[in-house]
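*Asks:* What follows is structure00.cif; its format and atoms are mmCIF, N, CA and C atoms.
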```cif
data_final
#
loop_
_atom_site.label_atom_id
_atom_site.label_comp_id
_atom_site.auth_asym_id
_atom_site.auth_seq_id
_atom_site.Cartn_x
_atom_site.Cartn_y
_atom_site.Cartn_z
N VAL X 445 3.26 24.80 -39.14
CA VAL X 445 3.50 23.49 -39.71
C VAL X 445 4.54 22.76 -38.86
N GLU X 446 4.22 21.54 -38.51
CA GLU X 446 5.10 20.74 -37.66
C GLU X 446 6.23 20.14 -38.49
N SER X 447 7.46 20.27 -37.99
CA SER X 447 8.61 19.69 -38.69
C SER X 447 8.60 18.17 -38.53
N ALA X 448 9.37 17.49 -39.36
CA ALA X 448 9.47 16.03 -39.28
C ALA X 448 10.03 15.61 -37.92
N ALA X 449 11.01 16.34 -37.42
CA ALA X 449 11.61 16.01 -36.11
C ALA X 449 10.58 16.18 -34.99
N ASP X 450 9.78 17.25 -35.07
CA ASP X 450 8.74 17.47 -34.06
C ASP X 450 7.67 16.39 -34.14
N ALA X 451 7.30 16.00 -35.35
CA ALA X 451 6.30 14.94 -35.53
C ALA X 451 6.81 13.62 -34.97
N ASP X 452 8.09 13.32 -35.20
CA ASP X 452 8.69 12.10 -34.65
C ASP X 452 8.71 12.14 -33.13
N ALA X 453 9.07 13.28 -32.56
CA ALA X 453 9.12 13.43 -31.09
C ALA X 453 7.71 13.29 -30.51
N ARG X 454 6.72 13.89 -31.16
CA ARG X 454 5.34 13.78 -30.69
C ARG X 454 4.87 12.32 -30.71
N THR X 455 5.13 11.63 -31.83
CA THR X 455 4.72 10.23 -31.97
C THR X 455 5.40 9.35 -30.92
N ARG X 456 6.69 9.55 -30.72
CA ARG X 456 7.45 8.78 -29.72
C ARG X 456 6.87 9.02 -28.33
N THR X 457 6.60 10.28 -28.01
CA THR X 457 6.10 10.63 -26.69
C THR X 457 4.68 10.10 -26.50
N GLU X 458 3.85 10.17 -27.52
CA GLU X 458 2.50 9.61 -27.43
C GLU X 458 2.55 8.11 -27.15
N ARG X 459 3.51 7.40 -27.76
CA ARG X 459 3.68 5.97 -27.49
C ARG X 459 4.09 5.74 -26.04
N PHE X 460 5.02 6.58 -25.54
CA PHE X 460 5.42 6.48 -24.14
C PHE X 460 4.22 6.66 -23.21
N VAL X 461 3.39 7.67 -23.49
CA VAL X 461 2.21 7.94 -22.66
C VAL X 461 1.26 6.75 -22.72
N ASP X 462 0.97 6.25 -23.90
CA ASP X 462 0.06 5.10 -24.05
C ASP X 462 0.59 3.90 -23.27
N ARG X 463 1.88 3.65 -23.36
CA ARG X 463 2.49 2.52 -22.66
C ARG X 463 2.38 2.71 -21.15
N SER X 464 2.62 3.93 -20.67
CA SER X 464 2.50 4.21 -19.23
C SER X 464 1.08 3.95 -18.74
N LEU X 465 0.10 4.46 -19.48
CA LEU X 465 -1.29 4.29 -19.08
C LEU X 465 -1.70 2.82 -19.05
N ALA X 466 -1.15 2.03 -19.94
CA ALA X 466 -1.52 0.62 -20.03
C ALA X 466 -0.73 -0.28 -19.09
N LYS X 467 0.53 0.08 -18.77
CA LYS X 467 1.40 -0.88 -18.10
C LYS X 467 2.06 -0.43 -16.81
N ASP X 468 2.25 0.86 -16.60
CA ASP X 468 2.99 1.29 -15.41
C ASP X 468 2.14 1.13 -14.16
N PRO X 469 2.62 0.36 -13.16
CA PRO X 469 1.81 0.10 -11.96
C PRO X 469 1.45 1.37 -11.18
N LYS X 470 2.38 2.32 -11.06
CA LYS X 470 2.08 3.55 -10.32
C LYS X 470 1.00 4.35 -11.04
N VAL X 471 1.13 4.48 -12.33
CA VAL X 471 0.16 5.25 -13.12
C VAL X 471 -1.21 4.59 -13.05
N LYS X 472 -1.26 3.28 -13.20
CA LYS X 472 -2.53 2.57 -13.14
C LYS X 472 -3.16 2.71 -11.75
N PHE X 473 -2.35 2.62 -10.70
CA PHE X 473 -2.84 2.79 -9.34
C PHE X 473 -3.45 4.18 -9.14
N LEU X 474 -2.74 5.20 -9.62
CA LEU X 474 -3.22 6.58 -9.46
C LEU X 474 -4.49 6.83 -10.27
N LEU X 475 -4.58 6.26 -11.45
CA LEU X 475 -5.82 6.39 -12.25
C LEU X 475 -6.99 5.75 -11.51
N GLU X 476 -6.74 4.62 -10.89
CA GLU X 476 -7.80 3.95 -10.11
C GLU X 476 -8.17 4.78 -8.88
N ALA X 477 -7.17 5.38 -8.22
CA ALA X 477 -7.44 6.23 -7.06
C ALA X 477 -8.28 7.45 -7.47
N LEU X 478 -8.00 8.02 -8.63
CA LEU X 478 -8.81 9.14 -9.13
C LEU X 478 -10.24 8.68 -9.37
N LYS X 479 -10.38 7.51 -9.96
CA LYS X 479 -11.72 6.97 -10.25
C LYS X 479 -12.49 6.75 -8.95
N THR X 480 -11.84 6.16 -7.95
CA THR X 480 -12.47 5.91 -6.66
C THR X 480 -12.89 7.21 -5.98
N SER X 481 -12.14 8.27 -6.24
CA SER X 481 -12.42 9.58 -5.64
C SER X 481 -13.45 10.38 -6.43
N GLY X 482 -13.95 9.81 -7.52
CA GLY X 482 -14.96 10.51 -8.31
C GLY X 482 -14.39 11.43 -9.37
N CYS X 483 -13.12 11.31 -9.66
CA CYS X 483 -12.46 12.16 -10.66
C CYS X 483 -11.80 11.30 -11.71
N SER X 484 -12.55 10.42 -12.30
CA SER X 484 -11.93 9.42 -13.17
C SER X 484 -11.48 9.99 -14.51
N VAL X 485 -10.43 9.38 -14.98
CA VAL X 485 -9.93 9.58 -16.34
C VAL X 485 -10.26 8.26 -17.04
N ASN X 486 -11.14 8.32 -18.03
CA ASN X 486 -11.56 7.09 -18.68
C ASN X 486 -11.33 7.16 -20.18
N SER X 487 -11.75 6.14 -20.88
CA SER X 487 -11.49 6.06 -22.32
C SER X 487 -12.12 7.22 -23.08
N GLU X 488 -13.18 7.81 -22.54
CA GLU X 488 -13.84 8.92 -23.23
C GLU X 488 -13.08 10.23 -23.11
N ASN X 489 -12.31 10.42 -22.03
CA ASN X 489 -11.62 11.70 -21.86
C ASN X 489 -10.10 11.57 -21.77
N VAL X 490 -9.58 10.37 -21.94
CA VAL X 490 -8.13 10.17 -21.79
C VAL X 490 -7.34 11.00 -22.80
N ASP X 491 -7.81 11.11 -24.02
CA ASP X 491 -7.07 11.86 -25.04
C ASP X 491 -7.06 13.36 -24.76
N SER X 492 -8.09 13.86 -24.10
CA SER X 492 -8.10 15.28 -23.77
C SER X 492 -7.42 15.56 -22.43
N PHE X 493 -7.38 14.56 -21.53
CA PHE X 493 -6.76 14.77 -20.22
C PHE X 493 -5.24 14.70 -20.32
N PHE X 494 -4.71 13.83 -21.17
CA PHE X 494 -3.27 13.70 -21.38
C PHE X 494 -2.92 14.30 -22.74
N ARG X 495 -2.15 15.38 -22.72
CA ARG X 495 -1.79 16.06 -23.96
C ARG X 495 -0.28 16.03 -24.14
N VAL X 496 0.15 15.76 -25.35
CA VAL X 496 1.57 15.83 -25.71
C VAL X 496 1.74 17.11 -26.51
N GLU X 497 2.67 17.95 -26.04
CA GLU X 497 2.90 19.25 -26.69
C GLU X 497 4.38 19.54 -26.78
N LYS X 498 4.72 20.42 -27.71
CA LYS X 498 6.07 20.99 -27.74
C LYS X 498 6.03 22.20 -26.81
N CYS X 499 6.90 22.19 -25.81
CA CYS X 499 6.87 23.23 -24.77
C CYS X 499 8.03 24.20 -24.91
N GLU X 500 7.74 25.45 -24.68
CA GLU X 500 8.77 26.49 -24.70
C GLU X 500 9.58 26.46 -23.40
N ALA X 501 8.90 26.25 -22.28
CA ALA X 501 9.58 26.22 -20.98
C ALA X 501 10.44 24.96 -20.87
N GLU X 502 11.47 25.04 -20.07
CA GLU X 502 12.38 23.90 -19.85
C GLU X 502 11.80 22.98 -18.78
N ILE X 503 10.66 22.38 -19.08
CA ILE X 503 10.01 21.45 -18.17
C ILE X 503 9.63 20.19 -18.92
N ALA X 504 9.49 19.09 -18.17
CA ALA X 504 9.10 17.83 -18.79
C ALA X 504 7.60 17.74 -18.98
N GLY X 505 6.87 18.50 -18.18
CA GLY X 505 5.42 18.47 -18.28
C GLY X 505 4.81 19.18 -17.09
N GLY X 506 3.50 19.03 -16.95
CA GLY X 506 2.82 19.69 -15.84
C GLY X 506 1.37 19.31 -15.75
N PHE X 507 0.74 19.79 -14.68
CA PHE X 507 -0.69 19.59 -14.46
C PHE X 507 -1.39 20.93 -14.58
N ARG X 508 -2.41 20.97 -15.42
CA ARG X 508 -3.25 22.15 -15.57
C ARG X 508 -4.61 21.81 -14.97
N PRO X 509 -4.96 22.45 -13.85
CA PRO X 509 -6.16 22.05 -13.12
C PRO X 509 -7.43 21.90 -13.96
N GLN X 510 -7.67 22.75 -14.90
CA GLN X 510 -8.91 22.66 -15.67
C GLN X 510 -8.76 21.83 -16.94
N GLN X 511 -7.54 21.36 -17.25
CA GLN X 511 -7.32 20.66 -18.51
C GLN X 511 -6.75 19.26 -18.34
N GLY X 512 -5.81 19.07 -17.44
CA GLY X 512 -5.21 17.76 -17.26
C GLY X 512 -3.70 17.81 -17.29
N VAL X 513 -3.10 16.75 -17.80
CA VAL X 513 -1.66 16.57 -17.77
C VAL X 513 -1.06 16.86 -19.14
N VAL X 514 0.02 17.63 -19.14
CA VAL X 514 0.77 17.92 -20.36
C VAL X 514 2.11 17.22 -20.27
N VAL X 515 2.52 16.57 -21.35
CA VAL X 515 3.84 15.96 -21.46
C VAL X 515 4.56 16.70 -22.59
N CYS X 516 5.74 17.22 -22.27
CA CYS X 516 6.50 18.01 -23.25
C CYS X 516 7.37 17.10 -24.11
N GLN X 517 6.99 16.95 -25.36
CA GLN X 517 7.67 16.04 -26.28
C GLN X 517 9.13 16.39 -26.49
N ASN X 518 9.49 17.63 -26.31
CA ASN X 518 10.87 18.06 -26.56
C ASN X 518 11.72 18.04 -25.29
N HIS X 519 11.16 17.54 -24.18
CA HIS X 519 11.94 17.50 -22.94
C HIS X 519 11.91 16.15 -22.24
N VAL X 520 11.31 15.14 -22.83
CA VAL X 520 11.36 13.78 -22.28
C VAL X 520 12.01 12.87 -23.31
N GLN X 521 12.84 11.96 -22.82
CA GLN X 521 13.59 11.11 -23.74
C GLN X 521 13.33 9.62 -23.56
N THR X 522 12.88 9.21 -22.37
CA THR X 522 12.76 7.78 -22.09
C THR X 522 11.38 7.42 -21.55
N GLN X 523 11.07 6.13 -21.65
CA GLN X 523 9.82 5.62 -21.08
C GLN X 523 9.80 5.85 -19.58
N GLU X 524 10.90 5.62 -18.91
CA GLU X 524 10.95 5.79 -17.46
C GLU X 524 10.67 7.24 -17.05
N GLU X 525 11.18 8.19 -17.82
CA GLU X 525 10.89 9.60 -17.52
C GLU X 525 9.39 9.88 -17.62
N VAL X 526 8.75 9.35 -18.65
CA VAL X 526 7.32 9.58 -18.85
C VAL X 526 6.52 8.88 -17.75
N ASN X 527 6.91 7.66 -17.39
CA ASN X 527 6.23 6.96 -16.29
C ASN X 527 6.26 7.82 -15.02
N ASN X 528 7.45 8.32 -14.69
CA ASN X 528 7.62 9.12 -13.48
C ASN X 528 6.84 10.44 -13.59
N LEU X 529 6.91 11.08 -14.74
CA LEU X 529 6.21 12.34 -14.95
C LEU X 529 4.71 12.16 -14.78
N LEU X 530 4.14 11.13 -15.40
CA LEU X 530 2.70 10.92 -15.29
C LEU X 530 2.30 10.63 -13.85
N ALA X 531 3.10 9.84 -13.14
CA ALA X 531 2.80 9.58 -11.72
C ALA X 531 2.82 10.89 -10.94
N HIS X 532 3.84 11.71 -11.14
CA HIS X 532 3.97 12.99 -10.44
C HIS X 532 2.75 13.88 -10.72
N GLU X 533 2.39 14.02 -11.98
CA GLU X 533 1.29 14.91 -12.34
C GLU X 533 -0.07 14.35 -11.91
N LEU X 534 -0.21 13.03 -11.91
CA LEU X 534 -1.46 12.43 -11.44
C LEU X 534 -1.64 12.62 -9.94
N ILE X 535 -0.55 12.72 -9.20
CA ILE X 535 -0.66 13.04 -7.76
C ILE X 535 -1.21 14.46 -7.61
N HIS X 536 -0.76 15.38 -8.44
CA HIS X 536 -1.35 16.73 -8.42
C HIS X 536 -2.83 16.66 -8.77
N ALA X 537 -3.18 15.86 -9.77
CA ALA X 537 -4.59 15.73 -10.17
C ALA X 537 -5.41 15.17 -9.01
N TYR X 538 -4.86 14.19 -8.30
CA TYR X 538 -5.54 13.61 -7.15
C TYR X 538 -5.72 14.67 -6.05
N ASP X 539 -4.66 15.41 -5.76
CA ASP X 539 -4.76 16.47 -4.76
C ASP X 539 -5.83 17.49 -5.16
N HIS X 540 -5.85 17.85 -6.43
CA HIS X 540 -6.83 18.82 -6.93
C HIS X 540 -8.25 18.28 -6.76
N CYS X 541 -8.41 17.00 -7.01
CA CYS X 541 -9.72 16.36 -6.90
C CYS X 541 -10.18 16.29 -5.44
N ARG X 542 -9.29 15.90 -4.56
CA ARG X 542 -9.66 15.60 -3.18
C ARG X 542 -9.67 16.80 -2.24
N ALA X 543 -8.84 17.78 -2.46
CA ALA X 543 -8.72 18.90 -1.53
C ALA X 543 -9.71 20.00 -1.91
N ALA X 544 -10.76 20.13 -1.12
CA ALA X 544 -11.82 21.09 -1.44
C ALA X 544 -11.33 22.53 -1.47
N ASN X 545 -10.36 22.86 -0.65
CA ASN X 545 -9.91 24.25 -0.54
C ASN X 545 -8.52 24.46 -1.14
N LEU X 546 -8.08 23.57 -2.00
CA LEU X 546 -6.75 23.71 -2.59
C LEU X 546 -6.70 24.92 -3.51
N ASP X 547 -5.75 25.80 -3.24
CA ASP X 547 -5.56 27.01 -4.04
C ASP X 547 -4.16 26.95 -4.64
N TRP X 548 -4.08 26.69 -5.93
CA TRP X 548 -2.78 26.53 -6.59
C TRP X 548 -1.97 27.83 -6.55
N ASN X 549 -2.60 28.95 -6.30
CA ASN X 549 -1.88 30.22 -6.20
C ASN X 549 -1.35 30.48 -4.79
N ASN X 550 -1.73 29.64 -3.84
CA ASN X 550 -1.22 29.72 -2.48
C ASN X 550 0.06 28.90 -2.41
N CYS X 551 1.17 29.55 -2.12
CA CYS X 551 2.48 28.87 -2.14
C CYS X 551 2.53 27.67 -1.20
N GLN X 552 1.88 27.75 -0.05
CA GLN X 552 1.89 26.62 0.88
C GLN X 552 1.13 25.43 0.31
N HIS X 553 0.00 25.68 -0.30
CA HIS X 553 -0.78 24.59 -0.91
C HIS X 553 0.02 23.95 -2.05
N HIS X 554 0.55 24.81 -2.91
CA HIS X 554 1.29 24.31 -4.07
C HIS X 554 2.53 23.53 -3.63
N THR X 555 3.25 24.06 -2.64
CA THR X 555 4.44 23.39 -2.14
C THR X 555 4.11 22.04 -1.54
N CYS X 556 3.03 21.97 -0.80
CA CYS X 556 2.62 20.70 -0.20
C CYS X 556 2.36 19.66 -1.28
N SER X 557 1.65 20.04 -2.33
CA SER X 557 1.38 19.11 -3.42
C SER X 557 2.67 18.71 -4.14
N GLU X 558 3.58 19.66 -4.32
CA GLU X 558 4.86 19.34 -4.97
C GLU X 558 5.68 18.34 -4.15
N ILE X 559 5.70 18.54 -2.83
CA ILE X 559 6.44 17.61 -1.97
C ILE X 559 5.81 16.23 -2.03
N ARG X 560 4.49 16.17 -1.96
CA ARG X 560 3.81 14.87 -2.07
C ARG X 560 4.12 14.20 -3.41
N ALA X 561 4.01 14.97 -4.48
CA ALA X 561 4.24 14.41 -5.81
C ALA X 561 5.68 13.94 -5.99
N ALA X 562 6.63 14.74 -5.51
CA ALA X 562 8.04 14.36 -5.64
C ALA X 562 8.36 13.10 -4.85
N SER X 563 7.84 13.03 -3.63
CA SER X 563 8.19 11.88 -2.79
C SER X 563 7.42 10.63 -3.17
N LEU X 564 6.17 10.75 -3.58
CA LEU X 564 5.36 9.57 -3.89
C LEU X 564 5.54 9.04 -5.31
N SER X 565 5.97 9.87 -6.23
CA SER X 565 6.06 9.45 -7.63
C SER X 565 7.36 8.74 -7.96
N GLY X 566 8.37 8.89 -7.12
CA GLY X 566 9.69 8.34 -7.44
C GLY X 566 10.60 9.40 -8.02
N ASP X 567 10.13 10.64 -8.03
CA ASP X 567 10.90 11.76 -8.58
C ASP X 567 12.25 11.94 -7.89
N CYS X 568 12.32 11.53 -6.62
CA CYS X 568 13.55 11.70 -5.86
C CYS X 568 14.51 10.52 -6.01
N HIS X 569 14.21 9.60 -6.87
CA HIS X 569 15.08 8.43 -7.09
C HIS X 569 16.44 8.88 -7.60
N TRP X 570 17.48 8.17 -7.19
CA TRP X 570 18.86 8.56 -7.54
C TRP X 570 19.05 8.64 -9.06
N PHE X 571 18.37 7.78 -9.82
CA PHE X 571 18.52 7.76 -11.27
C PHE X 571 18.17 9.13 -11.87
N PHE X 572 17.09 9.73 -11.38
CA PHE X 572 16.66 11.02 -11.92
C PHE X 572 17.60 12.14 -11.47
N GLU X 573 18.18 11.99 -10.31
CA GLU X 573 19.15 12.98 -9.86
C GLU X 573 20.40 12.93 -10.75
N VAL X 574 20.80 11.75 -11.17
CA VAL X 574 21.93 11.62 -12.10
C VAL X 574 21.58 12.27 -13.43
N LEU X 575 20.38 12.01 -13.95
CA LEU X 575 19.96 12.61 -15.22
C LEU X 575 19.93 14.14 -15.14
N ARG X 576 19.61 14.66 -13.96
CA ARG X 576 19.58 16.11 -13.77
C ARG X 576 20.96 16.69 -13.56
N GLY X 577 21.97 15.82 -13.45
CA GLY X 577 23.35 16.31 -13.25
C GLY X 577 23.66 16.65 -11.81
N ASN X 578 22.88 16.11 -10.87
CA ASN X 578 23.09 16.42 -9.46
C ASN X 578 24.10 15.52 -8.78
N PHE X 579 24.66 14.55 -9.50
CA PHE X 579 25.71 13.68 -8.98
C PHE X 579 26.82 13.61 -10.01
N ASN X 580 28.02 13.49 -9.56
CA ASN X 580 29.14 13.25 -10.46
C ASN X 580 29.58 11.82 -10.26
N LEU X 581 29.49 11.02 -11.29
CA LEU X 581 29.90 9.61 -11.22
C LEU X 581 31.22 9.40 -11.92
#
```
Could you write out this file's structure as structure tokens?
*Replies:*
Amino acid sequence: VESAADADARTRTERFVDRSLAKDPKVKFLLEALKTSGCSVNSENVDSFFRVEKCEAEIAGGFRPQQGVVVCQNHVQTQEEVNNLLAHELIHAYDHCRAANLDWNNCQHHTCSEIRAASLSGDCHWFFEVLRGNFNL
């Protein structure tokens, strides 16, 4: 049974995801790139491709190759975090779609996709480094 706090967090995070999908330019661009590549996320599968869950691991979310993008309701707090997270994970989805020989269990393949996602999504922006506690202001 979901607690009231968990239900509130899920609802808030679902709103963040919906807003990102509708308004964030990076997210919209990446969704279009997936569509152009033949791996579209559309109105029929959007609810199954983007999942909001309570996560045990200390992560904001992730990409599951056979399922889609997970957003961890208990580890994201702001719209900007969700925008960045979706962009990051959609880059992984794009890599998965486009790279015929991508093996997520191969450290070199996985690392390459992580570097692309971090640099292209805005993950390396100073704001997120501050949130992570990597700067003392």
*Asks:* Just checking: using only C-alpha atoms, which residue out of X:Glu488, X:Glu476, X:Asp468, X:Asp547 ends up closest to Glu525 in chain X?
*Replies:*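 Closest to Glu525 in chain X, using only C-alpha atoms: X:Asp468.
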*Asks:* Using the chain letters and numbers from the file, give me the residues hit by the PyMOL selection byres ((chain X and resi 470) around 8), as a list in words.
*Replies:* Ser464, Lys467, Asp468, Pro469, Val471, Lys472, Phe473, Leu474, Leu475, Glu476, Asn527, Leu530, Ala531, His532 and Ser565 of chain X
*Asks:* Between CA of Gln552 in chain X and atom C of Ile503 in chain X, what is the distance in Å, rounded to a tenth?
*Replies:*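 Taking CA of Gln552 in chain X and atom C of Ile503 in chain X, their separation equals 22.2 Å.
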*Asks:* In Å, rounded to a single decimal, give me how far atom N of Cys551 in chain X is from atom C of Gly512 in chain X.
*Replies:*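 That distance, rounded to one decimal, is 19.8 Å.
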*Asks:* Quick one: of X:Val515, X:Thr480, X:Val490, X:Thr555, who's nearest to Glu502 in chain X, counting only C-alpha atoms?
*Replies:*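 Of X:Val515, X:Thr480, X:Val490, X:Thr555, the one nearest Glu502 in chain X is X:Val515, counting only C-alpha atoms.
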*Asks:* Could you jot down the atom C of Ala451 in chain X to atom C of Asn486 in chain X separation for me, Å, one decimal place?
*Replies:*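 Spanning atom C of Ala451 in chain X to atom C of Asn486 in chain X is a straight-line distance of 24.3 Å.
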*Asks:* Might you pull out every residue within 10 Å of range 540-545 of chain X, with only C-alpha atoms counted and same-chain residues fewer than 3 positions away left off, and present them as a list in words?
*Replies:* Leu478, Ser481, Gly482, Cys483, Ser484, Phe507, Arg508, Pro509, Gln510, Leu534, Ile535, His536, Ala537, Trp548, His553 and Ser557 of chain X
*Asks:* Hey, what's within 7 Å of range 518-524 of chain X if we count all atoms listed in the file and toss same-chain stuff fewer than 6 positions away? As a PyMOL selection string, please?
*Replies:* chain X and resi 453-454+460+497-499+502-505
*Asks:* Quick one: write out the picked residues with N, CA and C atoms as a PDB file, keeping the file's coordinate frame?
*Replies:*
```
ATOM      1  N   ALA X 453       9.070  13.280 -32.560  1.00  0.00           N
ATOM      2  CA  ALA X 453       9.120  13.430 -31.090  1.00  0.00           C
ATOM      3  C   ALA X 453       7.710  13.290 -30.510  1.00  0.00           C
ATOM      4  N   ARG X 454       6.720  13.890 -31.160  1.00  0.00           N
ATOM      5  CA  ARG X 454       5.340  13.780 -30.690  1.00  0.00           C
ATOM      6  C   ARG X 454       4.870  12.320 -30.710  1.00  0.00           C
ATOM      7  N   PHE X 460       5.020   6.580 -25.540  1.00  0.00           N
ATOM      8  CA  PHE X 460       5.420   6.480 -24.140  1.00  0.00           C
ATOM      9  C   PHE X 460       4.220   6.660 -23.210  1.00  0.00           C
ATOM     10  N   GLU X 497       2.670  17.950 -26.040  1.00  0.00           N
ATOM     11  CA  GLU X 497       2.900  19.250 -26.690  1.00  0.00           C
ATOM     12  C   GLU X 497       4.380  19.540 -26.780  1.00  0.00           C
ATOM     13  N   LYS X 498       4.720  20.420 -27.710  1.00  0.00           N
ATOM     14  CA  LYS X 498       6.070  20.990 -27.740  1.00  0.00           C
ATOM     15  C   LYS X 498       6.030  22.200 -26.810  1.00  0.00           C
ATOM     16  N   CYS X 499       6.900  22.190 -25.810  1.00  0.00           N
ATOM     17  CA  CYS X 499       6.870  23.230 -24.770  1.00  0.00           C
ATOM     18  C   CYS X 499       8.030  24.200 -24.910  1.00  0.00           C
ATOM     19  N   GLU X 502      11.470  25.040 -20.070  1.00  0.00           N
ATOM     20  CA  GLU X 502      12.380  23.900 -19.850  1.00  0.00           C
ATOM     21  C   GLU X 502      11.800  22.980 -18.780  1.00  0.00           C
ATOM     22  N   ILE X 503      10.660  22.380 -19.080  1.00  0.00           N
ATOM     23  CA  ILE X 503      10.010  21.450 -18.170  1.00  0.00           C
ATOM     24  C   ILE X 503       9.630  20.190 -18.920  1.00  0.00           C
ATOM     25  N   ALA X 504       9.490  19.090 -18.170  1.00  0.00           N
ATOM     26  CA  ALA X 504       9.100  17.830 -18.790  1.00  0.00           C
ATOM     27  C   ALA X 504       7.600  17.740 -18.980  1.00  0.00           C
ATOM     28  N   GLY X 505       6.870  18.500 -18.180  1.00  0.00           N
ATOM     29  CA  GLY X 505       5.420  18.470 -18.280  1.00  0.00           C
ATOM     30  C   GLY X 505       4.810  19.180 -17.090  1.00  0.00           C
TER      31      GLY X 505
END
```
*Asks:* Which is closer to Arg560 in chain X than all the others in X:Asp452, X:Asp462, X:Asp491, X:Glu533, using only C-alpha atoms?
*Replies:* X:Glu533
*Asks:* When DSSP works through the backbone of this structure, what residues of range 446-569 of chain X end up as strand (DSSP E or B), shown as a ChimeraX atom specification?
*Replies:* /X:494-497,505-508,512-516
*Asks:* Got a sec to tell me which of chain X DSSP assigns to alpha helix (DSSP H), as a ChimeraX atom specification?
*Replies:* /X:448-467,469-480,490-493,523-542,551-565,570-575
*Asks:* All heavy atoms are needed for range 511-516 of chain X; please write them out as a PDB file, keeping the file's coordinate frame.
*Replies:*
```
ATOM      1  N   GLN X 511      -7.540  21.360 -17.250  1.00  0.00           N
ATOM      2  CA  GLN X 511      -7.320  20.660 -18.510  1.00  0.00           C
ATOM      3  C   GLN X 511      -6.750  19.260 -18.340  1.00  0.00           C
ATOM      4  O   GLN X 511      -7.111  18.364 -19.084  1.00  0.00           O
ATOM      5  CB  GLN X 511      -6.397  21.479 -19.401  1.00  0.00           C
ATOM      6  CG  GLN X 511      -6.988  22.816 -19.756  1.00  0.00           C
ATOM      7  CD  GLN X 511      -5.994  23.728 -20.435  1.00  0.00           C
ATOM      8  OE1 GLN X 511      -4.796  23.451 -20.459  1.00  0.00           O
ATOM      9  NE2 GLN X 511      -6.469  24.824 -20.982  1.00  0.00           N
ATOM     10  N   GLY X 512      -5.810  19.070 -17.440  1.00  0.00           N
ATOM     11  CA  GLY X 512      -5.210  17.760 -17.260  1.00  0.00           C
ATOM     12  C   GLY X 512      -3.700  17.810 -17.290  1.00  0.00           C
ATOM     13  O   GLY X 512      -3.085  18.805 -16.906  1.00  0.00           O
ATOM     14  N   VAL X 513      -3.100  16.750 -17.800  1.00  0.00           N
ATOM     15  CA  VAL X 513      -1.660  16.570 -17.770  1.00  0.00           C
ATOM     16  C   VAL X 513      -1.060  16.860 -19.140  1.00  0.00           C
ATOM     17  O   VAL X 513      -1.569  16.373 -20.157  1.00  0.00           O
ATOM     18  CB  VAL X 513      -1.298  15.131 -17.327  1.00  0.00           C
ATOM     19  CG1 VAL X 513       0.194  14.865 -17.433  1.00  0.00           C
ATOM     20  CG2 VAL X 513      -1.781  14.883 -15.903  1.00  0.00           C
ATOM     21  N   VAL X 514       0.020  17.630 -19.140  1.00  0.00           N
ATOM     22  CA  VAL X 514       0.770  17.920 -20.360  1.00  0.00           C
ATOM     23  C   VAL X 514       2.110  17.220 -20.270  1.00  0.00           C
ATOM     24  O   VAL X 514       2.782  17.256 -19.232  1.00  0.00           O
ATOM     25  CB  VAL X 514       1.004  19.444 -20.513  1.00  0.00           C
ATOM     26  CG1 VAL X 514       1.923  19.733 -21.687  1.00  0.00           C
ATOM     27  CG2 VAL X 514      -0.308  20.164 -20.668  1.00  0.00           C
ATOM     28  N   VAL X 515       2.520  16.570 -21.350  1.00  0.00           N
ATOM     29  CA  VAL X 515       3.840  15.960 -21.460  1.00  0.00           C
ATOM     30  C   VAL X 515       4.560  16.700 -22.590  1.00  0.00           C
ATOM     31  O   VAL X 515       4.041  16.805 -23.701  1.00  0.00           O
ATOM     32  CB  VAL X 515       3.748  14.455 -21.781  1.00  0.00           C
ATOM     33  CG1 VAL X 515       5.139  13.844 -21.876  1.00  0.00           C
ATOM     34  CG2 VAL X 515       2.908  13.731 -20.726  1.00  0.00           C
ATOM     35  N   CYS X 516       5.740  17.220 -22.270  1.00  0.00           N
ATOM     36  CA  CYS X 516       6.500  18.010 -23.250  1.00  0.00           C
ATOM     37  C   CYS X 516       7.370  17.100 -24.110  1.00  0.00           C
ATOM     38  O   CYS X 516       8.379  16.573 -23.646  1.00  0.00           O
ATOM     39  CB  CYS X 516       7.343  19.054 -22.521  1.00  0.00           C
ATOM     40  SG  CYS X 516       6.347  20.234 -21.598  1.00  0.00           S
TER      41      CYS X 516
END
```
